[in-house]
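What's in work_37.cif: mmCIF, C-alpha atoms and all ligand atoms
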data_start
#
loop_
_atom_site.label_atom_id
_atom_site.label_comp_id
_atom_site.auth_asym_id
_atom_site.auth_seq_id
_atom_site.Cartn_x
_atom_site.Cartn_y
_atom_site.Cartn_z
CA MET A 23 -23.63 6.77 147.30
CA PHE A 24 -25.02 6.53 150.81
CA THR A 25 -28.34 4.78 151.33
CA SER A 26 -31.09 7.38 151.64
CA ILE A 27 -32.39 8.10 155.12
CA ALA A 28 -35.63 9.52 153.68
CA GLY A 29 -38.64 8.58 155.79
CA ARG A 30 -36.63 7.73 158.91
CA SER A 31 -37.78 9.14 162.22
CA VAL A 32 -35.27 11.56 163.72
CA VAL A 33 -35.48 13.30 167.10
CA VAL A 34 -33.32 16.37 167.76
CA THR A 35 -33.36 17.79 171.28
CA GLY A 36 -32.65 21.51 171.41
CA GLY A 37 -33.62 21.67 167.75
CA SER A 38 -35.27 25.07 167.92
CA ARG A 39 -32.11 27.07 167.29
CA GLY A 40 -28.35 26.91 166.85
CA ILE A 41 -26.64 23.59 166.19
CA GLY A 42 -29.82 21.58 166.84
CA LYS A 43 -31.67 23.59 164.22
CA GLY A 44 -28.80 22.98 161.79
CA ILE A 45 -28.90 19.23 162.46
CA ALA A 46 -32.71 19.09 162.17
CA SER A 47 -32.64 21.10 158.96
CA VAL A 48 -30.06 18.83 157.31
CA PHE A 49 -32.10 15.72 158.21
CA ALA A 50 -35.34 17.35 157.02
CA LYS A 51 -33.69 18.23 153.69
CA ALA A 52 -32.61 14.59 153.40
CA GLY A 53 -36.28 13.58 153.63
CA ALA A 54 -36.35 12.36 157.24
CA ARG A 55 -39.36 12.91 159.50
CA VAL A 56 -37.94 15.17 162.17
CA LEU A 57 -39.21 15.96 165.65
CA ILE A 58 -37.47 18.82 167.46
CA SER A 59 -37.73 19.71 171.14
CA GLY A 60 -37.04 22.77 173.27
CA ARG A 61 -38.49 24.59 176.26
CA ASP A 62 -39.67 27.73 174.45
CA GLU A 63 -42.80 26.83 172.48
CA GLY A 64 -42.73 29.92 170.25
CA ALA A 65 -39.18 29.24 169.06
CA ALA A 66 -39.79 25.51 168.57
CA LYS A 67 -42.98 26.11 166.60
CA ALA A 68 -41.39 28.76 164.36
CA THR A 69 -38.38 26.56 163.59
CA ALA A 70 -40.53 23.49 162.96
CA GLU A 71 -42.56 25.46 160.42
CA GLU A 72 -39.46 26.92 158.80
CA ILE A 73 -37.60 23.64 158.25
CA GLY A 74 -40.52 21.25 157.76
CA ALA A 75 -40.32 19.44 161.10
CA SER A 76 -42.67 18.73 163.98
CA TYR A 77 -42.07 20.00 167.51
CA VAL A 78 -42.71 19.14 171.15
CA VAL A 79 -42.11 21.33 174.20
CA ALA A 80 -39.88 19.49 176.66
CA ASP A 81 -37.04 20.01 179.12
CA VAL A 82 -34.27 17.41 178.82
CA ALA A 83 -33.52 17.71 182.53
CA ARG A 84 -36.93 16.16 183.36
CA LYS A 85 -37.45 12.41 182.97
CA ALA A 86 -41.18 12.73 182.28
CA ASP A 87 -40.51 15.28 179.51
CA CYS A 88 -37.97 12.96 177.88
CA GLU A 89 -40.50 10.13 177.96
CA ARG A 90 -43.06 12.46 176.36
CA VAL A 91 -40.64 13.30 173.53
CA ALA A 92 -40.18 9.59 172.80
CA ALA A 93 -43.95 8.94 172.97
CA THR A 94 -44.60 11.86 170.63
CA ALA A 95 -42.09 10.58 168.07
CA ASN A 96 -43.76 7.19 168.25
CA GLU A 97 -47.26 8.62 167.77
CA ARG A 98 -46.33 10.94 164.93
CA HIS A 99 -43.56 9.04 163.15
CA GLY A 100 -44.02 5.42 164.22
CA GLY A 101 -40.81 5.06 166.23
CA ILE A 102 -37.30 6.51 166.44
CA ASP A 103 -34.42 5.62 164.10
CA VAL A 104 -32.06 8.47 164.99
CA LEU A 105 -31.72 10.39 168.23
CA CYS A 106 -29.60 13.55 168.27
CA ALA A 107 -29.14 14.42 171.94
CA ASN A 108 -28.04 17.98 171.37
CA ALA A 109 -29.74 20.25 173.93
CA GLY A 110 -27.22 22.03 176.08
CA ILE A 111 -26.42 25.24 177.90
CA PHE A 112 -23.16 27.08 178.55
CA PRO A 113 -23.54 29.80 181.20
CA ASP A 114 -20.13 30.82 182.50
CA ALA A 115 -18.95 31.00 186.12
CA ARG A 116 -15.46 30.96 187.54
CA LEU A 117 -14.80 28.01 189.84
CA ALA A 118 -14.22 30.30 192.82
CA ASP A 119 -17.69 31.85 192.42
CA MET A 120 -19.68 28.86 191.17
CA THR A 121 -22.76 27.99 193.20
CA GLU A 122 -24.21 24.55 193.76
CA GLU A 123 -27.19 25.69 191.67
CA ASP A 124 -24.85 26.58 188.77
CA ILE A 125 -23.36 23.09 188.91
CA ASP A 126 -26.74 21.35 189.12
CA LEU A 127 -28.14 23.39 186.23
CA VAL A 128 -25.28 22.66 183.82
CA LEU A 129 -24.78 19.01 184.75
CA GLY A 130 -28.55 18.47 185.01
CA THR A 131 -29.13 19.78 181.49
CA ASN A 132 -26.04 18.67 179.61
CA LEU A 133 -25.14 15.36 181.27
CA LYS A 134 -28.19 14.06 183.11
CA GLY A 135 -30.30 15.42 180.23
CA THR A 136 -28.29 13.33 177.75
CA ILE A 137 -28.69 10.18 179.82
CA LEU A 138 -32.42 10.69 180.39
CA THR A 139 -33.00 11.42 176.71
CA VAL A 140 -31.19 8.29 175.52
CA GLN A 141 -32.87 6.17 178.20
CA ALA A 142 -36.36 7.34 177.22
CA CYS A 143 -35.76 6.63 173.51
CA LEU A 144 -34.07 3.25 173.99
CA PRO A 145 -37.01 0.89 173.38
CA LEU A 146 -37.91 2.68 170.15
CA LEU A 147 -34.29 2.84 168.98
CA ALA A 148 -33.97 -0.89 169.63
CA SER A 149 -37.17 -1.60 167.68
CA SER A 150 -35.73 0.32 164.73
CA GLY A 151 -33.06 -2.37 164.30
CA ARG A 152 -30.60 0.31 163.07
CA GLY A 153 -30.86 2.86 165.88
CA ARG A 154 -28.42 5.73 165.93
CA VAL A 155 -27.58 7.97 168.89
CA ILE A 156 -25.57 11.09 168.10
CA LEU A 157 -24.47 13.26 171.01
CA THR A 158 -23.45 16.91 170.67
CA SER A 159 -20.45 17.13 172.98
CA SER A 160 -17.72 19.79 172.51
CA ILE A 161 -13.97 20.19 172.17
CA THR A 162 -14.26 22.00 175.54
CA GLY A 163 -13.88 19.38 178.26
CA PRO A 164 -12.92 16.32 176.21
CA ILE A 165 -9.88 18.05 174.62
CA THR A 166 -9.50 21.66 175.74
CA GLY A 167 -10.27 23.92 178.69
CA TYR A 168 -11.89 27.36 178.77
CA PRO A 169 -11.93 29.64 181.82
CA GLY A 170 -15.46 29.93 183.21
CA TRP A 171 -16.50 26.52 182.00
CA THR A 172 -15.28 23.97 184.54
CA HIS A 173 -18.83 22.68 185.02
CA TYR A 174 -19.55 22.82 181.28
CA GLY A 175 -16.28 21.03 180.43
CA ALA A 176 -17.08 18.35 182.99
CA SER A 177 -20.54 17.86 181.48
CA LYS A 178 -19.18 17.57 177.93
CA ALA A 179 -16.40 15.15 178.94
CA GLY A 180 -19.00 13.26 180.98
CA GLN A 181 -21.09 12.73 177.86
CA LEU A 182 -18.16 10.79 176.36
CA GLY A 183 -17.84 8.60 179.43
CA PHE A 184 -21.54 7.85 179.12
CA MET A 185 -21.18 7.21 175.39
CA ARG A 186 -18.45 4.57 175.68
CA THR A 187 -20.36 2.31 178.03
CA ALA A 188 -23.72 2.94 176.35
CA ALA A 189 -22.12 1.93 173.03
CA ILE A 190 -21.13 -1.43 174.53
CA GLU A 191 -24.49 -2.01 176.20
CA LEU A 192 -26.53 -1.09 173.12
CA ALA A 193 -24.44 -2.77 170.42
CA ALA A 194 -26.42 -6.00 170.74
CA SER A 195 -29.58 -4.04 169.84
CA GLY A 196 -27.93 -2.71 166.68
CA ILE A 197 -27.73 0.79 168.13
CA THR A 198 -24.60 2.89 167.60
CA VAL A 199 -23.70 5.73 169.95
CA ASN A 200 -21.27 8.40 168.76
CA ALA A 201 -20.47 12.02 169.53
CA ILE A 202 -19.65 15.13 167.57
CA LEU A 203 -17.22 17.57 169.18
CA PRO A 204 -17.85 21.01 167.66
CA GLY A 205 -15.32 23.80 167.91
CA ASN A 206 -16.59 27.38 167.75
CA ILE A 207 -19.85 27.37 165.81
CA VAL A 208 -21.91 30.48 165.11
CA THR A 209 -25.21 30.01 166.98
CA GLU A 210 -27.68 32.17 168.85
CA GLY A 211 -26.28 30.77 172.10
CA MET A 212 -22.72 31.61 171.09
CA GLU A 213 -23.72 35.12 170.03
CA SER A 214 -25.37 35.71 173.41
CA LEU A 215 -21.97 35.28 175.08
CA GLY A 216 -20.70 38.43 173.34
CA GLU A 217 -17.32 36.81 172.72
CA ASP A 218 -14.63 38.38 170.54
CA TYR A 219 -14.96 36.41 167.29
CA ALA A 220 -11.70 37.85 165.93
CA GLY A 221 -9.81 36.31 168.85
CA MET A 222 -11.45 32.94 168.28
CA ILE A 223 -10.80 33.02 164.56
CA ALA A 224 -7.13 33.75 165.12
CA ALA A 225 -6.82 30.40 166.93
CA ILE A 226 -8.48 28.42 164.14
CA PRO A 227 -6.29 27.24 161.24
CA MET A 228 -9.30 27.39 158.85
CA ARG A 229 -9.61 31.09 159.78
CA ARG A 230 -13.36 31.06 160.29
CA LEU A 231 -16.00 29.86 162.73
CA GLY A 232 -18.03 26.76 161.89
CA THR A 233 -21.61 26.67 160.67
CA VAL A 234 -24.50 24.70 162.13
CA ASP A 235 -24.93 22.88 158.81
CA GLU A 236 -21.37 21.55 159.11
CA ILE A 237 -22.37 19.85 162.36
CA GLY A 238 -25.59 18.67 160.70
CA TYR A 239 -23.73 16.90 157.89
CA ALA A 240 -21.42 15.13 160.35
CA ALA A 241 -24.54 13.92 162.18
CA LEU A 242 -26.12 12.83 158.90
CA PHE A 243 -23.04 10.71 158.12
CA LEU A 244 -23.17 9.00 161.53
CA ALA A 245 -26.87 8.26 160.91
CA THR A 246 -26.31 6.45 157.62
CA ASP A 247 -26.46 2.68 157.19
CA GLU A 248 -22.89 2.91 155.91
CA ALA A 249 -21.71 4.24 159.31
CA GLY A 250 -23.29 1.26 161.07
CA TYR A 251 -19.96 -0.25 162.22
CA ILE A 252 -18.81 2.97 163.93
CA THR A 253 -19.73 3.14 167.59
CA GLY A 254 -18.39 4.78 170.74
CA GLN A 255 -16.37 7.25 168.64
CA THR A 256 -15.97 10.99 168.31
CA ILE A 257 -15.73 13.31 165.32
CA VAL A 258 -14.12 16.69 165.93
CA VAL A 259 -15.56 19.44 163.69
CA ASP A 260 -13.47 22.50 164.53
CA GLY A 261 -11.55 23.80 161.50
CA GLY A 262 -8.37 22.44 163.07
CA GLN A 263 -8.73 24.46 166.27
CA VAL A 264 -7.31 21.79 168.61
CA LEU A 265 -4.24 21.10 166.44
CA PRO A 266 -1.73 23.93 167.00
CA GLU A 267 0.68 23.35 169.88
CA SER A 268 1.09 27.11 170.29
CA PRO A 269 -0.94 30.11 169.06
CA ASP A 270 1.67 31.16 166.48
CA LEU A 271 1.23 27.78 164.79
CA ALA A 272 -2.48 28.45 164.08
CA GLY A 273 -1.47 29.77 160.64
P1 LIG B 301 -28.14 27.52 171.54
O1 LIG B 301 -28.05 28.33 170.30
O2 LIG B 301 -28.28 28.21 172.84
O3 LIG B 301 -29.32 26.46 171.38
C1 LIG B 301 -29.58 25.55 172.42
C2 LIG B 301 -30.80 24.72 172.11
O4 LIG B 301 -31.02 23.81 173.20
C3 LIG B 301 -32.06 25.56 171.99
O5 LIG B 301 -32.92 24.94 171.06
C4 LIG B 301 -32.64 25.49 173.40
O6 LIG B 301 -34.05 25.73 173.38
C5 LIG B 301 -32.31 24.05 173.76
N1 LIG B 301 -32.26 23.79 175.21
C6 LIG B 301 -31.50 24.39 176.14
N2 LIG B 301 -31.76 23.88 177.36
C7 LIG B 301 -32.71 22.92 177.18
C8 LIG B 301 -33.40 22.03 178.03
N3 LIG B 301 -33.18 22.02 179.36
N4 LIG B 301 -34.30 21.18 177.50
C9 LIG B 301 -34.54 21.18 176.17
N5 LIG B 301 -33.94 22.00 175.30
C10 LIG B 301 -33.02 22.86 175.81
O7 LIG B 301 -26.84 26.59 171.71
P2 LIG B 301 -25.86 25.93 170.61
O8 LIG B 301 -24.66 26.78 170.50
O9 LIG B 301 -26.61 25.55 169.41
O10 LIG B 301 -25.43 24.60 171.41
C11 LIG B 301 -26.08 23.37 171.17
C12 LIG B 301 -25.22 22.24 171.67
O11 LIG B 301 -23.95 22.31 171.04
C13 LIG B 301 -24.96 22.28 173.17
O12 LIG B 301 -24.97 20.96 173.69
C14 LIG B 301 -23.57 22.87 173.26
O13 LIG B 301 -22.90 22.45 174.41
C15 LIG B 301 -22.93 22.31 172.02
N6 LIG B 301 -21.78 23.06 171.52
C16 LIG B 301 -21.92 24.30 170.98
C17 LIG B 301 -20.80 24.96 170.48
C18 LIG B 301 -20.87 26.30 169.80
O14 LIG B 301 -19.80 26.83 169.42
N7 LIG B 301 -22.02 26.89 169.60
C19 LIG B 301 -19.54 24.35 170.58
C20 LIG B 301 -19.44 23.09 171.15
C21 LIG B 301 -20.57 22.44 171.61
P3 LIG B 301 -34.83 26.32 174.69
O15 LIG B 301 -33.94 27.37 175.27
O16 LIG B 301 -36.12 26.82 174.12
O17 LIG B 301 -35.02 25.16 175.58
#
Show this structure as structure tokens.
Amino acid sequence: MFTSIAGRSVVVTGGSRGIGKGIASVFAKAGARVLISGRDEGAAKATAEEIGASYVVADVARKADCERVAATANERHGGIDVLCANAGIFPDARLADMTEEDIDLVLGTNLKGTILTVQACLPLLASSGRGRVILTSSITGPITGYPGWTHYGASKAGQLGFMRTAAIELAASGITVNAILPGNIVTEGMESLGEDYAGMIAAIPMRRLGTVDEIGYAALFLATDEAGYITGQTIVVDGGQVLPESPDLAG
């Protein structure tokens, strides 16, 4: 059996809906003290009440907000043991039409936001003595491409570049830094894209989209004491989506 993580302080950015909500909910069910963040107060409050977490309104693209998230976790839960840097956006724009603002928004949220979040939580993660950083990256960028998402793919691949050096720098403080690469997961954000789910499912050997809980349980594993020797690594959770060499091999 894994050692219980009950009572540990867990921060999940972008925990108000989608994958972040799934991660936060899995940790809350495991008895952790969870703080979620998001920009929309109504959504964060409602989710916090629903899953038994606490919330703070913050934008990961702002350094002062990230510092406030860390300070809030310290005040309410006495530190930070696990940081799930999950907040992210995926607006689409073809490269030929992409504006500088589009690029700044996506990289500022997904990549700079990840760095600022980890930076702000570092002293508390180090004090924990068993700090865990779990990034929500994606298969898009690190492994695959998707038209309309050059900036998004760059941000998600960039998170892995960040992770590998952060893992080296933070190892001496007992902090591990790993990333989960989800495939197509049913979330509010995904639904807002209005994509053809049937087309996606046809490319997935497991013949279904993933659930937010399935990302949550991968995060829970990386947060355990037993995963303490794993750092700078990725776990793909995609129902086998990246495996087929051609569409007719998807099963
Ligand atoms: P979602 O349903 O749109 O949820 C995104 C969450 O992030 C919300 O809680 C949102 O709350 C928060 N957020 C967005 N921008 C923020 C900011 N600047 N500061 C703080 N919070 C912010 O999206 P999702 O599908 O769950 O995606 C979550 C993560 O998984 C992202 O990093 C995404 O790249 C990654 N991912 C998703 C999929 C998928 O299939 N769904 C696949 C691969 C990777 P507010 O809007 O209130 O701020």
Among the residues A:Val259, A:Ile102, A:Ala115, A:Ala193, the one that comes closest to ligand LIG 301 (chain B) [using only C-alpha atoms and all ligand atoms]: A:Val259
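Computed from the coordinates, the atom CA of Met222 of chain A to atom CA of Leu182 of chain A distance equals 24.5 Å.
Restricting the calculation to all atoms listed in the file, the smallest distance between ligand LIG 301 (chain B) and any of A:Gly221, A:Pro169, A:Pro113, A:Pro227 is found for A:Pro113.
Atom CA of Ser59 of chain A is positioned 10.5 Å from atom CA of Ala92 of chain A.
With all atoms listed in the file taken into account, the protein and nucleic acid residues at most 12 Å from Ala70 of chain A (excluding it and anything under 3 positions from it in its own chain) are Val34, Gly36, Gly37, Ser38, Arg39, Gly42, Lys43, Gly44, Ala46, Ser47, Ala50, Arg55, Val56, Leu57, Ile58, Ser59, Gly60, Glu63, Gly64, Ala65, Ala66, Lys67, Ile73, Gly74, Ala75, Ser76, Tyr77, Val78 and Val79 of chain A.
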Saved selection, atoms kept: C-alpha atoms, as a PDB file, in the frame of the given file:
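Okay, selection.pdb is ready:
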ATOM      1  CA  VAL A  34     -33.320  16.370 167.760  1.00  0.00           C
ATOM      2  CA  GLY A  36     -32.650  21.510 171.410  1.00  0.00           C
ATOM      3  CA  GLY A  37     -33.620  21.670 167.750  1.00  0.00           C
ATOM      4  CA  SER A  38     -35.270  25.070 167.920  1.00  0.00           C
ATOM      5  CA  ARG A  39     -32.110  27.070 167.290  1.00  0.00           C
ATOM      6  CA  GLY A  42     -29.820  21.580 166.840  1.00  0.00           C
ATOM      7  CA  LYS A  43     -31.670  23.590 164.220  1.00  0.00           C
ATOM      8  CA  GLY A  44     -28.800  22.980 161.790  1.00  0.00           C
ATOM      9  CA  ALA A  46     -32.710  19.090 162.170  1.00  0.00           C
ATOM     10  CA  SER A  47     -32.640  21.100 158.960  1.00  0.00           C
ATOM     11  CA  ALA A  50     -35.340  17.350 157.020  1.00  0.00           C
ATOM     12  CA  ARG A  55     -39.360  12.910 159.500  1.00  0.00           C
ATOM     13  CA  VAL A  56     -37.940  15.170 162.170  1.00  0.00           C
ATOM     14  CA  LEU A  57     -39.210  15.960 165.650  1.00  0.00           C
ATOM     15  CA  ILE A  58     -37.470  18.820 167.460  1.00  0.00           C
ATOM     16  CA  SER A  59     -37.730  19.710 171.140  1.00  0.00           C
ATOM     17  CA  GLY A  60     -37.040  22.770 173.270  1.00  0.00           C
ATOM     18  CA  GLU A  63     -42.800  26.830 172.480  1.00  0.00           C
ATOM     19  CA  GLY A  64     -42.730  29.920 170.250  1.00  0.00           C
ATOM     20  CA  ALA A  65     -39.180  29.240 169.060  1.00  0.00           C
ATOM     21  CA  ALA A  66     -39.790  25.510 168.570  1.00  0.00           C
ATOM     22  CA  LYS A  67     -42.980  26.110 166.600  1.00  0.00           C
ATOM     23  CA  ILE A  73     -37.600  23.640 158.250  1.00  0.00           C
ATOM     24  CA  GLY A  74     -40.520  21.250 157.760  1.00  0.00           C
ATOM     25  CA  ALA A  75     -40.320  19.440 161.100  1.00  0.00           C
ATOM     26  CA  SER A  76     -42.670  18.730 163.980  1.00  0.00           C
ATOM     27  CA  TYR A  77     -42.070  20.000 167.510  1.00  0.00           C
ATOM     28  CA  VAL A  78     -42.710  19.140 171.150  1.00  0.00           C
ATOM     29  CA  VAL A  79     -42.110  21.330 174.200  1.00  0.00           C
TER      30      VAL A  79
END
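By all atoms listed in the file, and with residues fewer than 4 positions from Leu192 of chain A along its chain excluded, the set lying at most 12 Å from it is Val140, Gln141, Leu144, Pro145, Leu147, Ala148, Ser149, Gly151, Arg152, Gly153, Arg154, Val155, Phe184, Met185, Arg186, Thr187, Ala188, Gly196, Ile197, Thr198, Val199, Asn200, Thr253 and Gly254 of chain A.
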Exercise answer, 6 Å around ligand LIG 301 (chain B) with only C-alpha atoms and all ligand atoms, as number ranges by chain: A: 35-42, 60-62, 80-83, 108-111, 131, 158-160, 204-212
Separation of atom CA of Gln255 of chain A from atom CA of Asp103 of chain A, in Å and rounded to one decimal: 18.7 Å
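Remark: for Gly170 of chain A, the closest of the candidate residues A:Asp270, A:Asp119, A:Glu213, A:Asp114 is A:Asp114 (distances computed over all atoms listed in the file).
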Test item: residues at most 10 Å from Glu248 of chain A, all atoms listed in the file, excluding those fewer than 5 positions along its chain, as a VMD selection string: chain A and resid 23 to 25 243
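Nearest to Thr136 of chain A of all the residues A:Gln181, A:Gln263, A:Thr162, A:Thr172 is A:Gln181, counting all atoms listed in the file.
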Nearest to Ile125 of chain A, chosen from A:Leu105, A:Asp235, A:Ile165, A:Tyr174, with only C-alpha atoms counted in the distances: A:Tyr174
Shell of 8 Å around Glu89 of chain A, all atoms listed in the file, local chain residues under 2 positions omitted, as a ChimeraX atom specification: /A:85-87,91-93,139,142-143
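Distance annotation: of A:Ala194, A:Arg84, A:Glu236, A:Thr69, the residue with the minimal separation from Leu138 of chain A is A:Arg84; atom set is only C-alpha atoms.
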Reconstructed N, CA, C and O atoms for segment 177-189 of chain A, given as an mmCIF file, in the frame of the given file:
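What ended up in part.cif:
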data_model
loop_
_atom_site.group_PDB
_atom_site.id
_atom_site.type_symbol
_atom_site.label_atom_id
_atom_site.label_comp_id
_atom_site.auth_asym_id
_atom_site.auth_seq_id
_atom_site.Cartn_x
_atom_site.Cartn_y
_atom_site.Cartn_z
ATOM 1 N N SER A 177 -19.324 18.451 182.058
ATOM 2 C CA SER A 177 -20.540 17.860 181.480
ATOM 3 C C SER A 177 -20.267 17.302 180.086
ATOM 4 O O SER A 177 -20.790 16.243 179.714
ATOM 5 N N LYS A 178 -19.441 17.988 179.311
ATOM 6 C CA LYS A 178 -19.180 17.570 177.930
ATOM 7 C C LYS A 178 -18.232 16.362 177.896
ATOM 8 O O LYS A 178 -18.369 15.482 177.051
ATOM 9 N N ALA A 179 -17.259 16.329 178.823
ATOM 10 C CA ALA A 179 -16.400 15.150 178.940
ATOM 11 C C ALA A 179 -17.220 13.984 179.495
ATOM 12 O O ALA A 179 -17.039 12.831 179.090
ATOM 13 N N GLY A 180 -18.130 14.295 180.397
ATOM 14 C CA GLY A 180 -19.000 13.260 180.980
ATOM 15 C C GLY A 180 -19.852 12.577 179.923
ATOM 16 O O GLY A 180 -20.094 11.370 179.996
ATOM 17 N N GLN A 181 -20.287 13.340 178.940
ATOM 18 C CA GLN A 181 -21.090 12.730 177.860
ATOM 19 C C GLN A 181 -20.289 11.624 177.160
ATOM 20 O O GLN A 181 -20.866 10.611 176.750
ATOM 21 N N LEU A 182 -18.970 11.817 177.040
ATOM 22 C CA LEU A 182 -18.160 10.790 176.360
ATOM 23 C C LEU A 182 -17.977 9.552 177.222
ATOM 24 O O LEU A 182 -17.930 8.430 176.709
ATOM 25 N N GLY A 183 -17.896 9.752 178.526
ATOM 26 C CA GLY A 183 -17.840 8.600 179.430
ATOM 27 C C GLY A 183 -19.119 7.787 179.339
ATOM 28 O O GLY A 183 -19.098 6.548 179.274
ATOM 29 N N PHE A 184 -20.230 8.502 179.298
ATOM 30 C CA PHE A 184 -21.540 7.850 179.120
ATOM 31 C C PHE A 184 -21.561 7.093 177.788
ATOM 32 O O PHE A 184 -21.968 5.930 177.719
ATOM 33 N N MET A 185 -21.117 7.773 176.746
ATOM 34 C CA MET A 185 -21.180 7.210 175.390
ATOM 35 C C MET A 185 -20.465 5.865 175.298
ATOM 36 O O MET A 185 -20.989 4.915 174.698
ATOM 37 N N ARG A 186 -19.269 5.772 175.897
ATOM 38 C CA ARG A 186 -18.450 4.570 175.680
ATOM 39 C C ARG A 186 -19.104 3.329 176.285
ATOM 40 O O ARG A 186 -19.081 2.254 175.696
ATOM 41 N N THR A 187 -19.698 3.478 177.457
ATOM 42 C CA THR A 187 -20.360 2.310 178.030
ATOM 43 C C THR A 187 -21.712 2.058 177.388
ATOM 44 O O THR A 187 -22.090 0.909 177.139
ATOM 45 N N ALA A 188 -22.434 3.127 177.039
ATOM 46 C CA ALA A 188 -23.720 2.940 176.350
ATOM 47 C C ALA A 188 -23.491 2.220 175.020
ATOM 48 O O ALA A 188 -24.275 1.339 174.630
ATOM 49 N N ALA A 189 -22.398 2.570 174.323
ATOM 50 C CA ALA A 189 -22.120 1.930 173.030
ATOM 51 C C ALA A 189 -21.947 0.419 173.198
ATOM 52 O O ALA A 189 -22.417 -0.361 172.368
#
